[in-house]
Each structure stands twice: as C-alpha cells, then as structure tokens.
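What follows is a short report on a single structure.
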Amino acid sequence: MRLSDVSRLAAELDGVTERTNDGKLDWRFQGRLVARQLDDNHIVIRASFDFKDLLLHAFPETFSAPGRFAKHMMIVADMENGNADAIEDAVIGAWELQSGR
C-alpha cells in the first residue's frame with residue numbers, strides 16, 4: 001500500500017478531506033483526524049482502544065503502537081510490509097469512529 005492508495009480511499013469516504021501539514025499528508029473528517037502520514041511508509045490511524053487491541057493481535061506485522069501512541073487512540077500502520085486490506089479496514093474504521101457511522 002502507498003500514500004496514493006490511502007488518498008484514493010479517503011476520497012471515497014464521505015466528508016473526509018486531505019491536506020498537507022508540514023509536508024506530510026493527513027486525512028480528516030470535519031476537522032477530526034482519521035489518519036496522517038508519519039513518513040513514506042507509515043501512517044497513524046485513529047482507532048478505538050478495543051479495535052486497536054484487535055488489530056495489534058490480529059496483524060502484528062502490520063500494526064504497532066510505539067511509545068508515544070501506546071496510551072492514545074491511535075495505531076501505526078506499516079504500509080510497505082503490512083497487509084493492505086487490514087490497513088484499508090483500519091482507515092474505514094477511523095472514519096466510522098470520527099463520523100459516528
């Protein structure tokens with residue numbers, strides 16, 4: 001998965017806008033974070049604590065919650081080595097969380 005894939009997916013989600021902040025992309029629903037770029041191969045995705053735990057256990061090669069994200073409703077996705085379908089599901093889940101759908 002690439003950043004362009006995340007951009008395409010986000011464009012399909014009702015109300016999600018893409019912007020650039022300090023040279024990195026982020027995707028928001030009515031100002032609320034859905035996902036944002038960390039570097040060329042990683043994005044951070046908003047996730048409820050339950051969904052975050054599920055993703056960490058089901059896809060340990062794809063998702064992590066390093067130090068600064070451990071206590072937050074966020075999960076880091078490895079787009080280069082991870083499962084693209086799981087990342088897509090996580091982004092959609094973040095949109096659902098932020099939009100209340």
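Simple scheme: letters A, B, ... for chains in structure tokens order, numbers from 1 for residues in each chain, numbers from 1 for ligands in the order shown.
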
**Request:** Please return as a VMD selection string: the residues of range 1-54 of chain A that backbone DSSP assigns to alpha helix (DSSP H).
**Result:** chain A and resid 3 to 12 49 to 54

Please tabulate, as JSON lines, the residues of range 46-66 of chain A that come within 7 Å of range 74-97 of chain A, each with its closest pair of atoms and the distance in Å to one decimal, counting only C-alpha atoms and ordering rows by chain, then residue number upward.
```
{"residue": "A:Arg46", "atom": "CA", "partner": "A:Met74", "partner_atom": "CA", "distance": 4.5}
{"residue": "A:Ala47", "atom": "CA", "partner": "A:Met74", "partner_atom": "CA", "distance": 5.3}
{"residue": "A:Lys52", "atom": "CA", "partner": "A:Ile75", "partner_atom": "CA", "distance": 6.4}
{"residue": "A:Glu61", "atom": "CA", "partner": "A:Gly82", "partner_atom": "CA", "distance": 5.9}
{"residue": "A:Thr62", "atom": "CA", "partner": "A:Gly82", "partner_atom": "CA", "distance": 4.0}
{"residue": "A:Phe63", "atom": "CA", "partner": "A:Ala77", "partner_atom": "CA", "distance": 4.7}
{"residue": "A:Ser64", "atom": "CA", "partner": "A:Val76", "partner_atom": "CA", "distance": 5.2}
{"residue": "A:Ala65", "atom": "CA", "partner": "A:Ile75", "partner_atom": "CA", "distance": 5.3}
```

**Request:** Tell me, as a ChimeraX atom specification, which residues lie within 12 Å of range 21-27 of chain A, counting only C-alpha atoms; anything in the same chain fewer than 4 positions away does not count.
**Result:** /A:3-4,6-17,31-46,91-92,94-95,98

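Considering only range 22-51 of chain A, backbone DSSP assigns strand (DSSP E) to Lys24, Leu25, Asp26, Trp27, Arg28, Phe29, Arg32, Leu33, Val34, Ala35, Arg36, Gln37, Leu38, Asp39, His42, Ile43, Val44, Ile45 and Arg46 of chain A.
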
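Computed from the coordinates, the CA of Arg101 in chain A to CA of Met1 in chain A distance equals 25.0 Å.
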
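CA of Glu18 in chain A lies 28.4 Å from CA of Ala58 in chain A.
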
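Take CA of Arg68 in chain A and CA of Arg28 in chain A: the distance between them is 20.5 Å.
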